[in-house]
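K.L.:
Got a file for you: entry.pdb, PDB, C-alpha atoms.
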ATOM      1  CA  MET A 241     -71.600 -18.280 -52.744
ATOM      2  CA  ARG A 242     -69.448 -17.006 -50.026
ATOM      3  CA  SER A 243     -70.480 -14.594 -47.424
ATOM      4  CA  ASN A 244     -69.016 -11.195 -46.948
ATOM      5  CA  HIS A 245     -68.227 -12.074 -43.375
ATOM      6  CA  ALA A 246     -64.551 -12.854 -44.124
ATOM      7  CA  SER A 247     -63.965  -9.681 -46.037
ATOM      8  CA  GLY A 248     -65.642  -7.620 -43.294
ATOM      9  CA  ALA A 249     -63.238  -9.015 -40.628
ATOM     10  CA  ALA A 250     -60.242  -8.035 -42.702
ATOM     11  CA  ARG A 251     -61.546  -4.499 -42.915
ATOM     12  CA  ARG A 252     -61.936  -4.229 -39.137
ATOM     13  CA  GLN A 253     -58.244  -4.932 -38.241
ATOM     14  CA  THR A 254     -56.594  -1.838 -36.786
ATOM     15  CA  GLY A 255     -52.916  -2.926 -36.790
ATOM     16  CA  SER A 256     -52.586  -3.317 -33.008
ATOM     17  CA  THR A 257     -50.310  -6.356 -33.445
ATOM     18  CA  LEU A 258     -47.797  -4.229 -35.299
ATOM     19  CA  ILE A 259     -47.831  -1.519 -32.633
ATOM     20  CA  ILE A 260     -47.473  -4.023 -29.768
ATOM     21  CA  SER A 261     -44.592  -5.740 -31.591
ATOM     22  CA  LEU A 262     -42.805  -2.401 -32.063
ATOM     23  CA  ILE A 263     -43.221  -1.514 -28.359
ATOM     24  CA  ILE A 264     -41.787  -4.900 -27.319
ATOM     25  CA  LEU A 265     -38.826  -4.441 -29.682
ATOM     26  CA  ILE A 266     -38.137  -0.959 -28.276
ATOM     27  CA  LEU A 267     -38.224  -2.335 -24.711
ATOM     28  CA  LEU A 268     -35.824  -5.132 -25.646
ATOM     29  CA  MET A 269     -33.498  -2.617 -27.295
ATOM     30  CA  LEU A 270     -33.532  -0.421 -24.158
ATOM     31  CA  LEU A 271     -32.751  -3.467 -21.997
ATOM     32  CA  GLY A 272     -29.834  -4.337 -24.290
ATOM     33  CA  VAL A 273     -28.423  -0.786 -24.182
ATOM     34  CA  THR A 274     -28.742  -0.730 -20.372
ATOM     35  CA  ALA A 275     -26.970  -4.090 -20.090
ATOM     36  CA  MET A 276     -24.110  -2.862 -22.307
ATOM     37  CA  THR A 277     -23.728   0.362 -20.303
ATOM     38  CA  THR A 278     -23.687  -1.545 -17.011
ATOM     39  CA  SER A 279     -21.161  -4.016 -18.376
ATOM     40  CA  ASP A 280     -18.899  -1.213 -19.609
ATOM     41  CA  THR A 281     -19.048   0.548 -16.221
ATOM     42  CA  GLN A 282     -18.176  -2.659 -14.390
ATOM     43  CA  TYR A 283     -15.289  -3.250 -16.787
ATOM     44  CA  LYS A 284     -13.893   0.224 -16.013
ATOM     45  CA  LEU A 285     -14.314  -0.288 -12.252
ATOM     46  CA  THR A 286     -12.476  -3.597 -12.434
ATOM     47  CA  GLY A 287      -9.651  -1.976 -14.390
ATOM     48  CA  ASN A 288      -9.344   0.837 -11.843
ATOM     49  CA  LEU A 289      -9.178  -1.656  -8.984
ATOM     50  CA  GLN A 290      -6.489  -3.570 -10.829
ATOM     51  CA  PHE A 291      -4.398  -0.399 -11.225
ATOM     52  CA  GLU A 292      -4.876   0.456  -7.540
ATOM     53  CA  ASP A 293      -3.678  -3.041  -6.616
ATOM     54  CA  SER A 294      -0.655  -2.539  -8.860
ATOM     55  CA  ALA A 295       0.164   0.745  -7.093
ATOM     56  CA  MET A 296      -0.164  -0.960  -3.687
ATOM     57  CA  ASN A 297       2.113  -3.806  -4.794
ATOM     58  CA  ASN A 298       4.705  -1.283  -5.990
ATOM     59  CA  ALA A 299       4.590   0.531  -2.631
ATOM     60  CA  GLU A 300       4.972  -2.746  -0.731
ATOM     61  CA  THR A 301       7.941  -3.711  -2.898
ATOM     62  CA  ALA A 302       9.592  -0.359  -2.154
ATOM     63  CA  ILE A 303       9.003  -0.826   1.611
ATOM     64  CA  ASN A 304      10.563  -4.271   1.393
ATOM     65  CA  ALA A 305      13.589  -2.905  -0.476
ATOM     66  CA  ALA A 306      14.110  -0.178   2.142
ATOM     67  CA  GLU A 307      13.787  -2.610   5.060
ATOM     68  CA  THR A 308      16.233  -4.979   3.388
ATOM     69  CA  ALA A 309      18.703  -2.147   2.804
ATOM     70  CA  LEU A 310      18.439  -1.056   6.455
ATOM     71  CA  GLY A 311      18.686  -4.618   7.738
ATOM     72  CA  ASN A 312      21.776  -5.626   5.783
ATOM     73  CA  GLY A 313      23.602  -2.313   6.149
ATOM     74  CA  THR A 314      23.345  -1.203   2.514
ATOM     75  CA  ILE A 315      22.063   2.123   3.827
ATOM     76  CA  ALA A 316      24.653   3.624   6.137
ATOM     77  CA  LEU A 317      22.565   3.603   9.257
ATOM     78  CA  LEU A 318      23.638   6.652  11.158
ATOM     79  CA  ASN A 319      26.623   8.536   9.844
ATOM     80  CA  ILE A 320      25.948   9.071   6.165
ATOM     81  CA  GLY A 321      22.807  10.812   5.040
ATOM     82  CA  PHE A 322      21.105  11.286   8.375
ATOM     83  CA  THR A 323      23.580  13.587  10.080
ATOM     84  CA  THR A 324      24.525  15.531   6.968
ATOM     85  CA  ALA A 325      23.023  18.902   6.180
ATOM     86  CA  TYR A 326      19.428  19.027   5.104
ATOM     87  CA  VAL A 327      18.037  22.075   3.361
ATOM     88  CA  SER A 328      14.366  21.973   2.481
ATOM     89  CA  ALA A 329      14.898  23.557  -0.930
ATOM     90  CA  ASN A 330      17.714  21.175  -1.840
ATOM     91  CA  GLY A 331      16.521  17.936  -0.282
ATOM     92  CA  PRO A 332      18.861  15.571   1.551
ATOM     93  CA  VAL A 333      22.536  15.313   0.761
ATOM     94  CA  THR A 334      22.112  11.547   0.476
ATOM     95  CA  ALA A 335      19.173  10.569  -1.703
ATOM     96  CA  GLY A 336      16.144   9.387   0.219
ATOM     97  CA  LEU A 337      17.602   9.779   3.725
ATOM     98  CA  TYR A 338      16.290  12.440   6.092
ATOM     99  CA  PRO A 339      17.683  13.242   9.539
ATOM    100  CA  LEU A 340      15.701  13.470  12.764
ATOM    101  CA  ASN A 341      13.428  16.544  12.919
ATOM    102  CA  SER A 342      13.941  17.440   9.280
ATOM    103  CA  GLY A 343      10.292  18.466   9.136
ATOM    104  CA  ILE A 344       9.558  16.919   5.764
ATOM    105  CA  ASP A 345       6.081  15.794   4.796
ATOM    106  CA  PRO A 346       6.263  12.636   2.678
ATOM    107  CA  PHE A 347       2.795  13.251   1.267
ATOM    108  CA  THR A 348       3.643  16.650  -0.217
ATOM    109  CA  LEU A 349       7.230  15.786  -1.119
ATOM    110  CA  SER A 350       8.233  15.935  -4.773
ATOM    111  CA  TRP A 351       9.049  12.276  -5.323
ATOM    112  CA  THR A 352      10.382  12.536  -8.837
ATOM    113  CA  GLY A 353      12.268  15.813  -8.647
ATOM    114  CA  SER A 354      15.828  16.337  -7.600
ATOM    115  CA  GLY A 355      17.206  18.882  -5.219
ATOM    116  CA  GLY A 356      19.462  21.779  -6.033
ATOM    117  CA  ASN A 357      22.435  19.661  -5.024
ATOM    118  CA  GLY A 358      21.608  17.099  -7.721
ATOM    119  CA  ASN A 359      20.324  14.368  -5.396
ATOM    120  CA  SER A 360      16.869  12.877  -5.783
ATOM    121  CA  TYR A 361      14.362  13.348  -2.997
ATOM    122  CA  ALA A 362      13.561   9.627  -2.961
ATOM    123  CA  VAL A 363      15.297   6.366  -3.710
ATOM    124  CA  GLN A 364      13.852   4.664  -6.773
ATOM    125  CA  VAL A 365      13.664   0.888  -6.592
ATOM    126  CA  ALA A 366      12.057   0.429 -10.008
ATOM    127  CA  SER A 367       9.566   2.221 -12.179
ATOM    128  CA  GLY A 368       6.684   3.315  -9.950
ATOM    129  CA  GLN A 369       8.501   2.342  -6.724
ATOM    130  CA  HIS A 370      10.097   4.996  -4.503
ATOM    131  CA  TYR A 371      10.896   5.260  -0.815
ATOM    132  CA  ILE A 372      12.384   7.634   1.710
ATOM    133  CA  VAL A 373      13.840   6.800   5.104
ATOM    134  CA  GLU A 374      13.612   9.134   8.088
ATOM    135  CA  LEU A 375      15.629   8.691  11.258
ATOM    136  CA  MET A 376      13.140   8.787  14.144
ATOM    137  CA  SER A 377      15.248   7.941  17.194
ATOM    138  CA  THR A 378      18.749   6.796  18.076
ATOM    139  CA  ASN A 379      19.919   4.407  20.784
ATOM    140  CA  SER A 380      16.425   3.868  22.175
ATOM    141  CA  ARG A 381      16.123   1.162  24.767
ATOM    142  CA  LEU A 382      13.779  -1.657  23.843
ATOM    143  CA  VAL A 383      10.734  -1.591  26.109
ATOM    144  CA  GLY A 384      10.844  -4.406  28.646
ATOM    145  CA  SER A 385      14.137  -5.635  27.289
ATOM    146  CA  SER A 386      17.107  -7.189  28.962
ATOM    147  CA  GLN A 387      20.005  -9.206  27.644
ATOM    148  CA  VAL A 388      17.563 -11.923  26.682
ATOM    149  CA  THR A 389      15.064 -10.707  24.106
ATOM    150  CA  GLY A 390      12.456 -12.984  22.636
ATOM    151  CA  GLY A 391      13.877 -16.057  24.355
ATOM    152  CA  ARG A 392      17.360 -15.697  22.879
ATOM    153  CA  SER A 393      20.398 -13.763  23.887
ATOM    154  CA  SER A 394      20.956 -10.462  22.137
ATOM    155  CA  SER A 395      24.597 -10.267  23.215
ATOM    156  CA  GLY A 396      23.798  -7.552  25.719
ATOM    157  CA  CYS A 397      22.492  -5.176  23.077
ATOM    158  CA  ASN A 398      19.085  -3.737  23.819
ATOM    159  CA  GLN A 399      19.293  -0.398  22.041
ATOM    160  CA  VAL A 400      17.881   0.353  18.619
ATOM    161  CA  ASN A 401      17.778   3.082  16.039
ATOM    162  CA  THR A 402      14.256   3.525  14.700
ATOM    163  CA  TYR A 403      13.482   4.610  11.153
ATOM    164  CA  ARG A 404      10.249   5.557   9.453
ATOM    165  CA  ILE A 405      10.050   4.336   5.872
ATOM    166  CA  THR A 406       7.531   5.932   3.548
ATOM    167  CA  ALA A 407       6.997   4.233   0.212
ATOM    168  CA  ARG A 408       5.087   5.526  -2.780
ATOM    169  CA  GLY A 409       3.800   3.192  -5.455
ATOM    170  CA  THR A 410       2.260   4.282  -8.733
ATOM    171  CA  SER A 411       0.584   2.346 -11.527
ATOM    172  CA  ALA A 412       0.491   2.749 -15.275
ATOM    173  CA  ARG A 413      -2.677   4.840 -15.113
ATOM    174  CA  GLY A 414      -1.425   7.091 -12.328
ATOM    175  CA  ALA A 415      -3.011   5.484  -9.267
ATOM    176  CA  THR A 416      -0.869   6.309  -6.224
ATOM    177  CA  LYS A 417      -0.602   4.502  -2.891
ATOM    178  CA  PHE A 418       1.499   5.386   0.154
ATOM    179  CA  ILE A 419       2.643   2.980   2.862
ATOM    180  CA  GLN A 420       4.558   3.829   6.023
ATOM    181  CA  SER A 421       6.513   1.414   8.157
ATOM    182  CA  PHE A 422       8.632   1.768  11.280
ATOM    183  CA  TYR A 423      11.773  -0.319  11.277
ATOM    184  CA  SER A 424      14.267  -0.771  14.107
ATOM    185  CA  VAL A 425      17.894  -1.855  13.847
ATOM    186  CA  LEU A 426      20.144  -2.783  16.749
ATOM    187  CA  SER A 427      22.537   0.094  17.362
ATOM    188  CA  CYS A 428      25.218  -1.708  19.314
TER     189      CYS A 428
END
Could you take the file, read its structure, and then write that structure out as structure tokens?

P.N.:
Amino acid sequence: MRSNHASGAARRQTGSTLIISLIILILLMLLGVTAMTTSDTQYKLTGNLQFEDSAMNNAETAINAAETALGNGTIALLNIGFTTAYVSANGPVTAGLYPLNSGIDPFTLSWTGSGGNGNSYAVQVASGQHYIVELMSTNSRLVGSSQVTGGRSSSGCNQVNTYRITARGTSARGATKFIQSFYSVLSC
């Protein structure tokens, strides 16, 4: 005959294994949800940084386009655009070119609008790439210059016109970056 000892042990179980297993499963589920949330946040941060980089690249491309246009004479350096009338409400007569002391603020300028005279406030290089050029000084003498500049003859020319280029780059999600550059061109 068997003893009642085995049946008495079965009656004394309280189900603690089931409760401990459920607590461990809940903890694992919470860890999984936390990992997914963290991963999603990092994914969004990475995407935002990528769009900011895109905006910066667009601004740098616009700066490069403006410097190239100034350097090769595509932008009429002194006579057209810079000396023509500038009215704050209408923008420049020549798109993207502002004369000395025009008093514009590139950071509050409407980059996509056009003035009352039908000219845009900025020159558009491509989608998301705009620049403006401001005349800062004319016929300035290069500091410490003579007829020999940088070890080579400059044909007696040591005067420059200085321009401030402000570029605005935007990305597909609306990130915006501004870059400013000063660029000098020989004036003689």

K.L.:
When you draw a straight line from CA of Phe422 (chain A) to CA of Gln290 (chain A), how long is it in Å?

P.N.:
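If I compute the distance from CA of Phe422 (chain A) to CA of Gln290 (chain A), I get 27.3 Å.
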
K.L.:
I'd like to know which of A:Val363, A:Val425, A:Ile315, A:Ala302 is closest to Gly409 (chain A), using only C-alpha atoms.

P.N.:
A:Ala302

K.L.:
Carefully work through the PyMOL selection byres ((chain A and resi 366) around 10) for this structure and note down the residues it includes, as number ranges by chain.

P.N.:
A: 298, 301-302, 363-365, 367-370, 409

K.L.:
One number please: CA of Asn379 (chain A) to CA of Ile419 (chain A), in Å, one decimal.

P.N.:
24.9 Å

K.L.:
Just give me the gap between CA of Ser261 (chain A) and CA of Met276 (chain A) in Å, one decimal is fine.

P.N.:
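Computing the Euclidean distance for CA of Ser261 (chain A) and CA of Met276 (chain A) yields 22.7 Å.
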
K.L.:
List the spatial neighbours of Thr406 (chain A) as a PDB file with C-alpha atoms, keeping the file's coordinate frame - criterion: any atom at most 8 Å away, only C-alpha atoms, same-chain residues fewer than 3 positions off excluded.

P.N.:
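Saved the output as out_39.pdb:
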ATOM      1  CA  ILE A 303       9.003  -0.826   1.611  1.00  0.00           C
ATOM      2  CA  PRO A 346       6.263  12.636   2.678  1.00  0.00           C
ATOM      3  CA  TYR A 371      10.896   5.260  -0.815  1.00  0.00           C
ATOM      4  CA  ILE A 372      12.384   7.634   1.710  1.00  0.00           C
ATOM      5  CA  VAL A 373      13.840   6.800   5.104  1.00  0.00           C
ATOM      6  CA  PHE A 418       1.499   5.386   0.154  1.00  0.00           C
ATOM      7  CA  ILE A 419       2.643   2.980   2.862  1.00  0.00           C
ATOM      8  CA  GLN A 420       4.558   3.829   6.023  1.00  0.00           C
ATOM      9  CA  SER A 421       6.513   1.414   8.157  1.00  0.00           C
TER      10      SER A 421
END
